[in-house]
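Data file: structure-v1.txt. Format and content: compact mmCIF, C-alpha atoms.
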```txt
# COMPACT_ATOMS: atom_id res chain seq x y z
CA MET A 1 -12.94 1.43 13.52
CA GLN A 2 -10.03 3.37 12.08
CA GLN A 3 -9.07 0.51 9.75
CA ARG A 4 -12.68 0.23 8.58
CA SER A 5 -12.77 3.96 7.85
CA VAL A 6 -9.56 3.73 5.82
CA GLU A 7 -10.98 0.81 3.85
CA ARG A 8 -14.21 2.71 3.10
CA PHE A 9 -12.27 5.81 2.10
CA GLU A 10 -10.13 3.78 -0.32
CA ARG A 11 -13.19 1.94 -1.70
CA LEU A 12 -14.81 5.28 -2.44
CA LEU A 13 -11.72 6.45 -4.30
CA ASP A 14 -11.50 3.17 -6.20
CA ALA A 15 -15.17 3.48 -7.18
CA CYS A 16 -14.65 7.07 -8.28
CA ALA A 17 -11.66 6.04 -10.43
CA GLU A 18 -13.59 3.22 -12.13
CA LEU A 19 -16.59 5.43 -12.82
CA LEU A 20 -14.46 8.24 -14.22
CA ASP A 21 -13.25 5.84 -16.90
CA GLU A 22 -16.82 4.71 -17.60
CA VAL A 23 -18.84 7.95 -17.53
CA GLY A 24 -16.37 10.85 -17.24
CA TYR A 25 -16.29 13.63 -14.66
CA GLU A 26 -19.32 15.63 -15.79
CA ALA A 27 -21.74 12.68 -15.67
CA LEU A 28 -20.32 11.26 -12.44
CA THR A 29 -22.49 11.56 -9.31
CA THR A 30 -21.84 10.95 -5.63
CA SER A 31 -24.73 8.45 -5.61
CA GLN A 32 -22.99 6.39 -8.28
CA ILE A 33 -19.74 6.47 -6.32
CA ALA A 34 -21.40 5.35 -3.08
CA LYS A 35 -23.34 2.59 -4.84
CA ARG A 36 -20.23 1.27 -6.62
CA ALA A 37 -18.28 1.36 -3.33
CA GLY A 38 -21.10 -0.51 -1.55
CA VAL A 39 -21.65 2.14 1.11
CA PRO A 40 -24.59 4.39 2.00
CA ILE A 41 -24.49 7.87 0.48
CA GLY A 42 -24.20 9.27 4.01
CA THR A 43 -20.87 7.47 4.40
CA LEU A 44 -19.51 9.27 1.38
CA TYR A 45 -20.49 12.61 2.90
CA GLN A 46 -18.73 11.69 6.14
CA PHE A 47 -15.49 11.83 4.17
CA PHE A 48 -16.21 14.30 1.37
CA ASP A 49 -18.36 17.38 0.85
CA GLY A 50 -19.19 16.47 -2.74
CA LYS A 51 -17.92 15.17 -6.07
CA PRO A 52 -15.06 17.68 -6.43
CA ALA A 53 -13.68 16.65 -3.04
CA VAL A 54 -13.71 12.97 -4.03
CA ALA A 55 -11.90 13.77 -7.29
CA ARG A 56 -9.38 15.95 -5.40
CA ALA A 57 -8.64 13.08 -3.00
CA LEU A 58 -8.19 10.75 -5.98
CA ALA A 59 -5.81 13.24 -7.60
CA ARG A 60 -3.77 13.39 -4.38
CA ARG A 61 -3.65 9.61 -4.22
CA ASN A 62 -2.52 9.55 -7.85
CA LEU A 63 0.31 11.96 -7.10
CA GLU A 64 1.42 9.87 -4.10
CA ALA A 65 1.35 6.71 -6.22
CA PHE A 66 3.31 8.47 -9.00
CA LEU A 67 6.01 9.55 -6.55
CA GLU A 68 6.18 6.06 -5.04
CA ARG A 69 6.63 4.54 -8.49
CA LEU A 70 9.47 6.96 -9.16
CA ARG A 71 11.09 6.20 -5.79
CA ALA A 72 11.00 2.48 -6.56
CA ARG A 73 12.37 3.07 -10.05
CA PHE A 74 15.20 5.27 -8.80
CA ALA A 75 16.01 2.79 -6.01
CA ALA A 76 16.38 0.03 -8.61
CA ALA A 77 18.25 2.14 -11.19
CA PRO A 78 19.25 5.64 -10.06
CA ALA A 79 19.07 8.34 -12.71
CA PRO A 80 22.58 9.84 -13.08
CA ASP A 81 21.45 13.31 -14.13
CA TRP A 82 18.45 15.61 -14.56
CA PRO A 83 17.69 14.61 -18.18
CA SER A 84 17.57 10.92 -17.22
CA ALA A 85 15.34 11.74 -14.26
CA GLY A 86 13.07 13.72 -16.59
CA GLY A 87 12.82 10.77 -18.95
CA ALA A 88 11.86 8.51 -16.06
CA VAL A 89 9.13 10.96 -15.03
CA VAL A 90 7.66 10.91 -18.54
CA ASP A 91 7.82 7.08 -18.65
CA GLU A 92 6.01 6.66 -15.33
CA PHE A 93 3.36 9.25 -16.19
CA VAL A 94 2.63 7.50 -19.49
CA ALA A 95 2.50 4.10 -17.76
CA MET A 96 -0.04 5.42 -15.25
CA LYS A 97 -2.12 7.04 -18.01
CA ARG A 98 -2.34 3.65 -19.67
CA SER A 99 -2.97 1.46 -16.64
CA VAL A 100 -4.30 3.23 -13.53
CA PRO A 101 -8.11 3.50 -13.28
CA GLY A 102 -9.36 7.09 -13.45
CA PHE A 103 -5.90 8.51 -14.13
CA ALA A 104 -6.72 9.29 -17.76
CA VAL A 105 -9.49 11.64 -16.56
CA VAL A 106 -8.14 13.13 -13.33
CA ASP A 107 -4.38 12.35 -13.17
CA PHE A 108 -3.23 15.06 -10.69
CA GLY A 109 -6.40 17.14 -10.97
CA GLU A 110 -7.31 20.17 -13.02
CA VAL A 111 -4.40 22.29 -14.15
CA GLN A 112 -5.97 25.74 -13.93
CA GLN A 113 -6.98 27.50 -10.73
CA ASN A 114 -10.62 27.74 -9.65
CA ARG A 115 -11.45 24.37 -11.13
CA PRO A 116 -13.34 21.75 -9.13
CA PHE A 117 -10.58 19.34 -8.18
CA MET A 118 -7.31 21.11 -7.59
CA LEU A 119 -4.76 19.32 -5.40
CA ASP A 120 -4.71 22.41 -3.19
CA ALA A 121 -8.28 23.01 -2.01
CA GLU A 122 -7.48 26.66 -1.22
CA ASN A 123 -6.14 27.19 -4.78
CA GLU A 124 -3.00 28.91 -3.49
CA LEU A 125 -0.84 26.73 -5.76
CA GLU A 126 -1.69 25.31 -9.16
CA ASN A 127 -1.28 21.58 -9.60
CA ASN A 128 1.81 21.79 -11.78
CA GLN A 129 3.53 23.89 -9.11
CA ILE A 130 2.82 21.15 -6.58
CA VAL A 131 3.99 18.43 -8.98
CA ALA A 132 7.21 20.32 -9.81
CA GLN A 133 7.97 20.89 -6.12
CA SER A 134 7.28 17.23 -5.32
CA LEU A 135 9.59 16.09 -8.12
CA LYS A 136 12.32 18.44 -6.95
CA GLU A 137 12.11 17.06 -3.39
CA LEU A 138 12.19 13.51 -4.72
CA VAL A 139 15.07 13.90 -7.16
CA VAL A 140 17.21 16.11 -4.93
CA GLY A 141 16.40 14.03 -1.84
CA ASP A 142 16.49 10.49 -3.21
CA LEU A 143 18.99 10.82 -6.05
CA GLY A 144 21.11 13.54 -4.54
CA LEU A 145 21.14 15.61 -7.73
CA PRO A 146 22.17 19.18 -6.97
CA GLU A 147 19.72 21.96 -6.21
CA VAL A 148 21.02 24.71 -8.48
CA PRO A 149 19.94 28.36 -8.76
CA GLY A 150 16.75 28.72 -10.79
CA LEU A 151 15.84 25.04 -10.39
CA ASP A 152 12.25 25.77 -9.34
CA ALA A 153 11.54 27.73 -12.53
CA VAL A 154 13.23 25.12 -14.72
CA LEU A 155 11.24 22.25 -13.21
CA LEU A 156 7.94 24.12 -13.39
CA THR A 157 8.62 24.90 -17.06
CA ALA A 158 9.46 21.24 -17.72
CA VAL A 159 6.30 20.03 -15.97
CA GLU A 160 4.12 22.53 -17.87
CA ALA A 161 5.71 21.55 -21.19
CA ALA A 162 5.38 17.82 -20.56
CA ASP A 163 1.81 18.26 -19.36
CA GLY A 164 0.84 20.09 -22.53
CA VAL A 165 2.40 17.63 -24.97
CA LEU A 166 1.26 14.53 -23.07
CA ARG A 167 -2.31 15.82 -22.84
CA LEU A 168 -2.19 16.20 -26.61
CA ALA A 169 -0.74 12.68 -26.97
CA PHE A 170 -3.60 11.16 -25.00
CA ARG A 171 -6.35 13.28 -26.53
CA TYR A 172 -6.92 10.77 -29.31
CA GLY A 173 -6.84 7.46 -27.49
CA PRO A 174 -6.20 5.63 -24.22
CA THR A 175 -2.69 4.48 -25.09
CA GLY A 176 -1.47 7.84 -26.34
CA ASP A 177 0.12 8.74 -29.64
CA PRO A 178 3.62 7.14 -29.56
CA ASP A 179 5.18 9.83 -31.73
CA LEU A 180 3.94 12.62 -29.45
CA ILE A 181 5.03 10.68 -26.35
CA ALA A 182 8.49 10.37 -27.89
CA GLU A 183 8.48 14.10 -28.60
CA ALA A 184 7.54 14.84 -24.97
CA ASP A 185 10.42 12.67 -23.79
CA ALA A 186 12.89 14.35 -26.18
CA LEU A 187 11.60 17.81 -25.24
CA ILE A 188 12.03 17.26 -21.51
CA ARG A 189 15.41 15.54 -21.75
CA GLY A 190 16.72 18.20 -24.11
CA TYR A 191 15.41 21.12 -22.06
CA LEU A 192 16.80 19.74 -18.80
CA ALA A 193 20.14 19.03 -20.47
CA LEU A 194 20.25 22.59 -21.79
CA ARG A 195 19.28 24.28 -18.53
CA LEU A 196 20.92 21.92 -16.03
CA SER A 197 23.92 20.65 -17.98
CA GLY A 198 26.53 19.12 -15.74
CA ASN A 199 24.02 18.75 -12.87
```
Would you give me this structure, written as C-alpha cells?
Amino acid sequence: MQQRSVERFERLLDACAELLDEVGYEALTTSQIAKRAGVPIGTLYQFFDGKPAVARALARRNLEAFLERLRARFAAAPAPDWPSAGGAVVDEFVAMKRSVPGFAVVDFGEVQQNRPFMLDAENELENNQIVAQSLKELVVGDLGLPEVPGLDAVLLTAVEAADGVLRLAFRYGPTGDPDLIAEADALIRGYLALRLSGN
C-alpha cells in the first residue's frame, strides 16, 4: 500500500509538472492533474488540499533534485572555493530550467511571501532563504568550505541576485538568454570572490 501511495503521489507531481509547461499555473486545475496522472480526483485530495499544495510539493521536489544534482557534481569534481561553487549552482539551475518538466514555471516556488506555493506552507521563511540555507549546508557539509562570519547574509544576497538575473534571462524563451546567463555567472562568482576571498 505504501509503495502504491508513493507512486500515485509522484505521478500527480509528474502530471502537474507536465501541465504547467502546457497551460501555466493560472489555467491549471486539480481535475486536469488527476486526469493526466490517471487517478480519481478524490485521490489527489487525499494527498493535497488543492492546486497550491500540489505546486508546493513540486517545488520541494525540485529543490531536492537540485541539491542532489549538486551533490553528484561536487562528488565528481569538488569545487575548490565559494566562487566555483557559485558557478556550479548557476550551471545546475540553468540546466534544470532547460530540461526538467514544470521547472520553468515553478522552480522552487514563488519568491514572495503570501503567494500560493511557497516552500514553507506557514510562510515563515521566503523561498530564497530556504534555498540559501540549503546551499550553505550542502557546500559547507559536502565540500568542507569554511563557514565564515556573515555567510548567511552573503549567500542570501547571492541567491537573490542570481534569481533576479536568471528570471530575466528566461523571460524571453525556454533556453534563456546566453548573455544574461553569462552575466549571472560572472555576477555570482565575482560577488562571492569579493565577499569570501580566501574561503
query = Quick one: residues within 10 Å of Phe170 of chain A, all atoms listed in the file counted, chain neighbours fewer than 6 positions away excluded, as a list of chain:residue names?
reply =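 What passes the distance filter is A:Val94, A:Lys97, A:Arg98, A:Ala104, A:Gly176, A:Asp177, A:Pro178, A:Leu180, A:Ile181.
Using all atoms listed in the file, the nearest neighbour of Leu119 of chain A within the list A:Ala17, A:Ala59, A:Val39, A:Leu12 is A:Ala59.
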inquiry  = Just checking: using all atoms listed in the file, which residue out of A:Asp163, A:Asp81, A:Glu110, A:Asp179 ends up closest to Leu58 of chain A?
reply    =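 Of A:Asp163, A:Asp81, A:Glu110, A:Asp179, the one nearest Leu58 of chain A, counting all atoms listed in the file, is A:Glu110.
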Just the residues within 10 Å of segment 131-148 of chain A, please, counting all atoms listed in the file, with nothing from its chain fewer than 5 positions along; format it as a short mmCIF file (atom, residue, chain, number, x, y, z; two decimals) with C-alpha atoms, in the coordinates of the input.
```cif
data_model
loop_
_atom_site.label_atom_id
_atom_site.label_comp_id
_atom_site.auth_asym_id
_atom_site.auth_seq_id
_atom_site.Cartn_x
_atom_site.Cartn_y
_atom_site.Cartn_z
CA LEU A 63 0.31 11.96 -7.10
CA GLU A 64 1.42 9.87 -4.10
CA PHE A 66 3.31 8.47 -9.00
CA LEU A 67 6.01 9.55 -6.55
CA GLU A 68 6.18 6.06 -5.04
CA LEU A 70 9.47 6.96 -9.16
CA ARG A 71 11.09 6.20 -5.79
CA PHE A 74 15.20 5.27 -8.80
CA ALA A 75 16.01 2.79 -6.01
CA PRO A 78 19.25 5.64 -10.06
CA ALA A 79 19.07 8.34 -12.71
CA PRO A 80 22.58 9.84 -13.08
CA ASP A 81 21.45 13.31 -14.13
CA TRP A 82 18.45 15.61 -14.56
CA ALA A 85 15.34 11.74 -14.26
CA GLY A 86 13.07 13.72 -16.59
CA VAL A 89 9.13 10.96 -15.03
CA PHE A 108 -3.23 15.06 -10.69
CA LEU A 119 -4.76 19.32 -5.40
CA GLU A 126 -1.69 25.31 -9.16
CA ALA A 153 11.54 27.73 -12.53
CA VAL A 154 13.23 25.12 -14.72
CA LEU A 155 11.24 22.25 -13.21
CA LEU A 156 7.94 24.12 -13.39
CA THR A 157 8.62 24.90 -17.06
CA ALA A 158 9.46 21.24 -17.72
CA VAL A 159 6.30 20.03 -15.97
CA GLU A 160 4.12 22.53 -17.87
CA LEU A 196 20.92 21.92 -16.03
CA GLY A 198 26.53 19.12 -15.74
CA ASN A 199 24.02 18.75 -12.87
#
```
inquiry  = Please determine, counting all atoms listed in the file, which residue among A:Ala57, A:Leu28, A:Ile188, A:Ala15 has the shortest atom-to-atom distance to Asp91 of chain A.
reply    =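 Closest residue, counting all atoms listed in the file: A:Ile188.
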task = With a distance cut-off of 9 Å and only C-alpha atoms, select the neighbouring residues of Leu13 of chain A, excluding the residue or stretch itself and same-chain residues fewer than 2 positions from it, and output the selection as a PyMOL selection string.
result = chain A and resi 8-11+15-18+33+37+54-55+57-58+61
ask   = For Tyr25 of chain A, which residue out of A:Val105, A:Ala169, A:Ala182, A:Leu192 is the nearest one, using only C-alpha atoms?
value =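 Looking at the shortest contact to Tyr25 of chain A, the residue is A:Val105.
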query = Suppose you want the space between atom CA of Asp49 of chain A and atom CA of Phe93 of chain A; what is it in Å?
reply =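 Rounded to one decimal, the two atoms are 28.8 Å apart.
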inquiry  = Report, in Å with one decimal, the straight-line distance from atom CA of Ile41 of chain A to atom CA of Glu122 of chain A.
reply    = 25.4 Å
query = Hey, can you check how far atom CA of Ser5 of chain A sits from atom CA of Gly42 of chain A?
reply =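 We find that atom CA of Ser5 of chain A and atom CA of Gly42 of chain A lie 13.2 Å from each other.
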